[in-house]
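Structure data (mmCIF, C-alpha atoms) from protein27.cif:
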```
data_start
#
loop_
_atom_site.label_atom_id
_atom_site.label_comp_id
_atom_site.auth_asym_id
_atom_site.auth_seq_id
_atom_site.Cartn_x
_atom_site.Cartn_y
_atom_site.Cartn_z
CA MET W 1 -38.01 35.39 -63.69
CA ASN W 2 -36.01 36.91 -66.57
CA GLU W 3 -36.61 40.33 -65.13
CA HIS W 4 -35.02 39.27 -61.83
CA ARG W 5 -32.06 37.72 -63.63
CA ARG W 6 -31.59 40.93 -65.63
CA GLN W 7 -31.66 42.98 -62.42
CA ILE W 8 -28.98 40.78 -60.87
CA LEU W 9 -26.79 41.08 -63.97
CA GLN W 10 -27.28 44.83 -63.94
CA MET W 11 -26.25 44.98 -60.28
CA LEU W 12 -23.19 42.93 -61.19
CA SER W 13 -22.28 45.26 -64.04
CA GLU W 14 -22.69 48.28 -61.77
CA GLY W 15 -20.44 46.62 -59.21
CA LYS W 16 -23.14 46.53 -56.53
CA VAL W 17 -22.66 42.80 -56.05
CA SER W 18 -19.70 40.53 -56.62
CA ALA W 19 -19.64 37.70 -59.18
CA ASP W 20 -20.05 35.12 -56.38
CA GLU W 21 -23.03 36.93 -54.91
CA ALA W 22 -24.63 37.25 -58.34
CA GLU W 23 -24.14 33.54 -58.94
CA ARG W 24 -25.76 32.71 -55.58
CA LEU W 25 -28.69 35.01 -56.32
CA ILE W 26 -29.26 33.44 -59.73
CA ALA W 27 -29.02 29.95 -58.20
CA ALA W 28 -31.61 30.96 -55.59
CA LEU W 29 -33.89 32.23 -58.36
CA GLU W 30 -33.55 28.94 -60.23
CA GLU W 31 -34.29 26.89 -57.09
CA ARG W 32 -37.54 28.76 -56.59
CA PRO W 33 -40.36 26.84 -58.29
CA SER W 34 -41.53 28.79 -61.30
CA GLY W 35 -44.86 30.59 -60.88
CA SER W 36 -45.22 29.54 -57.24
CA SER W 37 -46.94 32.78 -56.33
CA ASP W 38 -49.23 32.46 -59.34
CA ASN W 39 -50.19 28.94 -58.27
CA ALA W 40 -50.99 30.15 -54.76
CA SER W 41 -53.21 32.92 -56.02
CA GLU W 42 -54.92 30.52 -58.41
CA ALA W 43 -55.61 28.14 -55.51
CA GLY W 44 -57.03 31.09 -53.56
CA ALA W 45 -59.29 31.93 -56.45
CA LYS W 46 -60.45 28.31 -56.75
CA PHE W 47 -61.15 27.90 -53.04
CA PRO W 48 -62.27 31.20 -51.59
CA PRO W 49 -62.16 31.30 -47.79
CA LYS W 50 -65.39 30.39 -46.03
CA TYR W 51 -64.56 31.21 -42.43
CA LEU W 52 -62.48 33.63 -40.46
CA ARG W 53 -60.92 31.89 -37.47
CA VAL W 54 -59.63 33.60 -34.35
CA GLN W 55 -57.81 31.42 -31.84
CA VAL W 56 -56.47 32.68 -28.55
CA ASP W 57 -54.38 30.40 -26.37
CA SER W 58 -53.35 31.75 -23.01
CA GLU W 59 -51.21 29.85 -20.57
CA ASP W 60 -51.45 31.53 -17.21
CA ASP W 61 -49.27 30.28 -14.40
CA GLY W 62 -51.31 32.28 -11.88
CA HIS W 63 -54.66 31.34 -10.38
CA GLU W 64 -56.62 32.06 -13.59
CA GLY W 65 -55.42 28.96 -15.37
CA PRO W 66 -55.11 28.44 -19.13
CA THR W 67 -57.75 30.03 -21.34
CA LYS W 68 -58.67 29.06 -24.87
CA VAL W 69 -60.90 31.00 -27.23
CA ASN W 70 -61.86 29.65 -30.60
CA VAL W 71 -64.14 31.72 -32.84
CA ARG W 72 -65.27 30.75 -36.32
CA ILE W 73 -67.10 33.48 -38.22
CA PRO W 74 -68.52 32.85 -41.69
CA ILE W 75 -67.16 35.26 -44.28
CA LYS W 76 -70.79 35.80 -45.34
CA LEU W 77 -71.36 37.43 -41.98
CA LEU W 78 -68.51 39.87 -42.61
CA ARG W 79 -70.00 40.76 -45.98
CA ALA W 80 -73.44 41.31 -44.44
CA GLY W 81 -71.86 43.35 -41.64
CA VAL W 82 -70.24 45.72 -44.11
CA LYS W 83 -73.56 46.08 -45.89
CA LEU W 84 -75.02 47.02 -42.52
CA ALA W 85 -72.37 49.74 -42.24
CA GLY W 86 -73.73 51.07 -45.53
CA LEU W 87 -77.04 51.73 -43.78
CA ILE W 88 -75.52 54.07 -41.24
CA PRO W 89 -76.71 57.63 -41.96
CA VAL W 90 -74.10 60.01 -43.36
CA GLN W 91 -74.35 62.34 -40.35
CA ALA W 92 -73.57 59.48 -37.98
CA LEU W 93 -70.63 58.39 -40.16
CA ASN W 94 -69.27 61.94 -40.18
CA ARG W 95 -69.52 62.13 -36.39
CA ALA W 96 -67.79 58.77 -36.03
CA ASN W 97 -65.08 59.91 -38.46
CA GLU W 98 -64.51 63.06 -36.40
CA ALA W 99 -64.20 60.98 -33.23
CA ILE W 100 -61.74 58.63 -34.95
CA HIS W 101 -59.66 61.54 -36.25
CA GLU W 102 -59.61 63.08 -32.76
CA LYS W 103 -58.01 59.84 -31.54
CA GLY W 104 -55.37 60.31 -34.23
CA ILE W 105 -56.43 57.35 -36.35
CA PRO W 106 -56.32 58.14 -40.07
CA PHE W 107 -59.37 56.14 -41.09
CA ASP W 108 -62.39 57.19 -43.11
CA LEU W 109 -65.51 55.11 -42.48
CA THR W 110 -67.24 56.56 -45.54
CA GLN W 111 -64.66 54.80 -47.70
CA ILE W 112 -65.84 51.33 -46.62
CA LYS W 113 -67.83 50.05 -49.55
CA GLY W 114 -69.13 46.66 -50.55
CA GLU W 115 -66.97 46.40 -53.66
CA ASN W 116 -63.81 47.18 -51.66
CA LEU W 117 -64.71 44.44 -49.23
CA GLU W 118 -65.15 41.89 -52.02
CA GLU W 119 -61.61 42.62 -53.14
CA LEU W 120 -60.35 42.32 -49.58
CA ILE W 121 -62.16 39.02 -48.99
CA ASP W 122 -60.73 37.59 -52.22
CA GLN W 123 -57.27 38.15 -50.80
CA LEU W 124 -58.09 36.80 -47.33
CA ASN W 125 -57.05 33.27 -48.26
CA ASP W 126 -53.42 34.14 -47.72
CA LEU W 127 -54.07 35.98 -44.47
CA SER W 128 -52.48 34.65 -41.33
CA VAL W 129 -51.77 36.78 -38.29
CA ASP W 130 -49.80 35.28 -35.42
CA VAL W 131 -49.18 37.21 -32.23
CA ASP W 132 -47.10 35.74 -29.42
CA GLN W 133 -46.79 37.54 -26.13
CA LYS W 134 -44.79 36.35 -23.17
CA ASP W 135 -44.87 37.87 -19.71
CA HIS W 136 -43.37 36.55 -16.52
CA GLU W 137 -46.63 34.73 -15.68
CA THR W 138 -48.62 34.54 -18.90
CA LYS W 139 -47.98 33.36 -22.40
CA VAL W 140 -50.58 34.38 -24.97
CA LYS W 141 -50.84 33.23 -28.57
CA VAL W 142 -53.33 34.82 -30.94
CA LYS W 143 -53.87 33.39 -34.37
CA VAL W 144 -56.13 34.89 -37.04
CA PHE W 145 -56.54 33.08 -40.33
CA CYS W 146 -59.03 32.10 -42.99
CA GLU W 147 -60.03 28.61 -44.00
CA MET S 1 -81.31 29.77 -45.05
CA ILE S 2 -81.73 31.21 -41.60
CA PRO S 3 -80.27 29.12 -38.77
CA PHE S 4 -82.66 26.59 -37.29
CA VAL S 5 -80.76 25.25 -34.31
CA ALA S 6 -78.20 26.56 -31.87
CA VAL S 7 -76.27 24.24 -29.60
CA VAL S 8 -75.02 25.67 -26.34
CA SER S 9 -72.56 23.46 -24.48
CA LEU S 10 -71.63 24.22 -20.91
CA ARG S 11 -68.82 22.26 -19.34
CA GLY S 12 -68.28 22.44 -15.63
CA ARG S 13 -65.10 21.85 -13.71
CA LYS S 14 -66.16 18.32 -12.88
CA SER S 15 -66.08 17.54 -16.61
CA ARG S 16 -69.86 17.37 -16.82
CA THR S 17 -71.10 18.72 -20.11
CA LEU S 18 -74.56 20.17 -20.40
CA ARG S 19 -75.62 20.43 -24.03
CA ILE S 20 -78.68 22.53 -24.80
CA TRP S 21 -80.25 22.37 -28.24
CA VAL S 22 -82.12 25.62 -28.88
CA PRO S 23 -84.69 25.30 -31.69
CA LEU S 24 -84.22 28.72 -33.24
CA ILE S 25 -87.04 28.07 -35.67
CA LEU S 26 -89.46 28.33 -32.73
CA VAL S 27 -87.80 31.57 -31.66
CA TRP S 28 -88.21 32.99 -35.16
CA LEU S 29 -91.84 31.88 -35.24
CA LEU S 30 -92.46 33.61 -31.92
CA LEU S 31 -90.70 36.75 -33.11
CA VAL S 32 -92.62 37.04 -36.38
CA PRO S 33 -95.83 38.47 -34.80
CA LEU S 34 -93.73 40.89 -32.78
CA ALA S 35 -91.87 41.98 -35.91
CA VAL S 36 -95.17 42.46 -37.74
CA LEU S 37 -96.48 44.61 -34.88
CA LEU S 38 -93.29 46.65 -34.75
CA SER S 39 -92.90 47.00 -38.52
CA PRO S 40 -94.73 50.38 -38.79
CA LEU S 41 -92.46 51.78 -36.08
CA LEU S 42 -89.38 50.35 -37.77
CA PHE S 43 -90.55 51.79 -41.10
CA ILE S 44 -91.00 55.25 -39.59
CA GLY S 45 -87.66 54.95 -37.80
CA CYS S 46 -85.92 54.08 -41.07
CA LEU S 47 -87.50 57.03 -42.86
CA ALA S 48 -86.57 59.36 -39.98
CA CYS S 49 -82.95 58.20 -40.27
CA ARG S 50 -83.09 58.48 -44.09
CA VAL S 51 -82.46 54.79 -44.52
CA ASN S 52 -84.21 52.78 -47.20
CA PRO S 53 -86.47 50.39 -45.18
CA VAL S 54 -86.34 47.72 -47.90
CA HIS S 55 -82.55 47.84 -47.93
CA ALA S 56 -82.49 47.69 -44.12
CA PHE S 57 -84.74 44.63 -44.10
CA SER S 58 -82.64 42.97 -46.80
CA VAL S 59 -79.41 43.52 -44.83
CA ALA S 60 -80.99 42.28 -41.59
CA TRP S 61 -82.13 39.14 -43.41
CA GLN S 62 -78.67 38.61 -44.90
CA ILE S 63 -77.09 38.90 -41.44
CA LEU S 64 -79.57 36.40 -40.07
CA CYS S 65 -78.82 33.96 -42.88
CA ALA S 66 -75.08 34.45 -42.52
CA LEU S 67 -75.18 33.34 -38.88
CA ASN S 68 -75.17 29.72 -40.04
CA ASP S 69 -72.02 27.80 -39.09
CA THR S 70 -70.92 30.39 -36.55
CA GLU S 71 -68.99 28.82 -33.70
CA ILE S 72 -67.70 30.38 -30.50
CA GLU S 73 -65.79 28.43 -27.88
CA VAL S 74 -64.32 29.71 -24.66
CA GLU S 75 -62.49 27.43 -22.25
CA GLN S 76 -60.88 28.27 -18.97
CA ARG S 77 -59.21 25.55 -16.97
CA SER S 78 -61.62 22.65 -17.33
CA ALA S 79 -64.74 24.82 -17.64
CA GLY S 80 -65.97 26.00 -20.98
CA VAL S 81 -68.82 27.41 -23.03
CA SER S 82 -69.42 26.69 -26.66
CA ILE S 83 -72.10 28.07 -28.96
CA CYS S 84 -72.68 26.64 -32.42
CA VAL S 85 -75.32 27.90 -34.79
CA PHE S 86 -76.61 25.62 -37.56
#
```
Could I get this file's structure written as structure tokens?
Amino acid sequence: MNEHRRQILQMLSEGKVSADEAERLIAALEERPSGSSDNASEAGAKFPPKYLRVQVDSEDDGHEGPTKVNVRIPIKLLRAGVKLAGLIPVQALNRANEAIHEKGIPFDLTQIKGENLEELIDQLNDLSVDVDQKDHETKVKVKVFCE
Amino acid sequence: MIPFVAVVSLRGRKSRTLRIWVPLILVWLLLVPLAVLLSPLLFIGCLACRVNPVHAFSVAWQILCALNDTEIEVEQRSAGVSICVF
């Protein structure tokens, strides 16, 4: 918090912000509950996510009608899946990498390792992806989150 | 633990729901003799692909165990399919 305040004062001294703006920024900093981000990460550490949820809600005005998809995948399954990727022979991984690079996707499958996934899963608690798409006939909502 | 039961629900457009309880434990029991018969082939296949057969078995077991609590639901109009694994 002090670091932020110092930055604001420095910006004020350099003339990057006016006195009023600096005052508003400091007030905004004070309104923010202290350590809110720390509390959130602590909560994430206490309650690691158990499931990955994917929800798709499509409202189609045409003849198809509305469609709903609700998938709940245990995080354990993701972990096991990545371990399965570790069984893929190196030659096959290299071929897959070449095919991916040909498509222009900068992704290296050999870099997927169990320990990296653990780190990723630990951070999944805060993950929430919302996609809304509207066409003239359809309205699709996709939601990906962990619980 | 490996999943013991899967529940498949089928809902028709007339709001009739057909719920099928699949005793997976029986499926596993039926598959065990087949797996035993195929194990030499799987072992040779693993060695040919330079994969540790013990590691492969361990991962396959972990995937099987992790299937617990998986839920998939698809609904369109009033019809829908739902699969839950316990």
Return the single residue from S:Leu37, S:Leu42, S:Val32, S:Ile83 that is closest to chain W, with distances computed using all atoms listed in the file. S:Ile83
Decode the PyMOL selection byres ((chain S) within 6 of (chain W)) for the given file into explicit residues and return them as a ChimeraX atom specification. /S:62-63,66,70-77
Distance of CA of Cys65 (chain S) from CA of Leu30 (chain S), expressed in Å to one decimal place: 17.5 Å
Translate the PyMOL selection byres ((chain S and resi 17-19) around 10), as applied to the file shown, into an explicit residue set as a PDB file with C-alpha atoms, keeping the file's coordinate frame.
```
ATOM      1  CA  VAL S   7     -76.270  24.240 -29.600  1.00  0.00           C
ATOM      2  CA  VAL S   8     -75.020  25.670 -26.340  1.00  0.00           C
ATOM      3  CA  SER S   9     -72.560  23.460 -24.480  1.00  0.00           C
ATOM      4  CA  LEU S  10     -71.630  24.220 -20.910  1.00  0.00           C
ATOM      5  CA  ARG S  11     -68.820  22.260 -19.340  1.00  0.00           C
ATOM      6  CA  GLY S  12     -68.280  22.440 -15.630  1.00  0.00           C
ATOM      7  CA  ARG S  13     -65.100  21.850 -13.710  1.00  0.00           C
ATOM      8  CA  LYS S  14     -66.160  18.320 -12.880  1.00  0.00           C
ATOM      9  CA  SER S  15     -66.080  17.540 -16.610  1.00  0.00           C
ATOM     10  CA  ARG S  16     -69.860  17.370 -16.820  1.00  0.00           C
ATOM     11  CA  ILE S  20     -78.680  22.530 -24.800  1.00  0.00           C
ATOM     12  CA  TRP S  21     -80.250  22.370 -28.240  1.00  0.00           C
ATOM     13  CA  VAL S  22     -82.120  25.620 -28.880  1.00  0.00           C
ATOM     14  CA  ALA S  79     -64.740  24.820 -17.640  1.00  0.00           C
ATOM     15  CA  GLY S  80     -65.970  26.000 -20.980  1.00  0.00           C
ATOM     16  CA  VAL S  81     -68.820  27.410 -23.030  1.00  0.00           C
ATOM     17  CA  SER S  82     -69.420  26.690 -26.660  1.00  0.00           C
ATOM     18  CA  ILE S  83     -72.100  28.070 -28.960  1.00  0.00           C
TER      19      ILE S  83
END
```
Just how far from CA of Gln123 (chain W) is CA of Gln111 (chain W), in Å to one decimal? 18.5 Å
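Distance-wise, CA of Val59 (chain S) and CA of Asp108 (chain W) end up 21.9 Å apart.
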Written as a list in words, what is the full residue list that the PyMOL selection byres ((chain S and resi 68) around 6) yields on the file shown? Pro3, Ala66, Leu67, Asp69, Thr70, Val85 and Phe86 of chain S
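Residues lying within 8 Å of region 20-25 of chain W, counting only C-alpha atoms and ignoring same-chain neighbours fewer than 6 positions away, are Ile8, Leu9 and Leu12 of chain W.
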Same residues, C-alpha atoms, saved as a short mmCIF file (atom, residue, chain, number, x, y, z; two decimals), in the coordinates of the input:
```
data_model
loop_
_atom_site.label_atom_id
_atom_site.label_comp_id
_atom_site.auth_asym_id
_atom_site.auth_seq_id
_atom_site.Cartn_x
_atom_site.Cartn_y
_atom_site.Cartn_z
CA ILE W 8 -28.98 40.78 -60.87
CA LEU W 9 -26.79 41.08 -63.97
CA LEU W 12 -23.19 42.93 -61.19
#
```
So which residues fall inside 10 Å of (-90.4, 46.0, -46.5) if we count all atoms listed in the file? Mind giving them as a ChimeraX atom specification? /S:39-40,42-43,52-58
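The shortest atom-to-atom distance to Asp122 (chain W), with all atoms listed in the file taken into account, belongs to W:Pro48 out of W:Pro48, W:Gln7, W:Leu109, W:Cys146.
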What's the 7 Å shell around Phe4 (chain S), counting only C-alpha atoms, without same-chain residues fewer than 5 positions away, as number ranges by chain? S: 23-25, 86
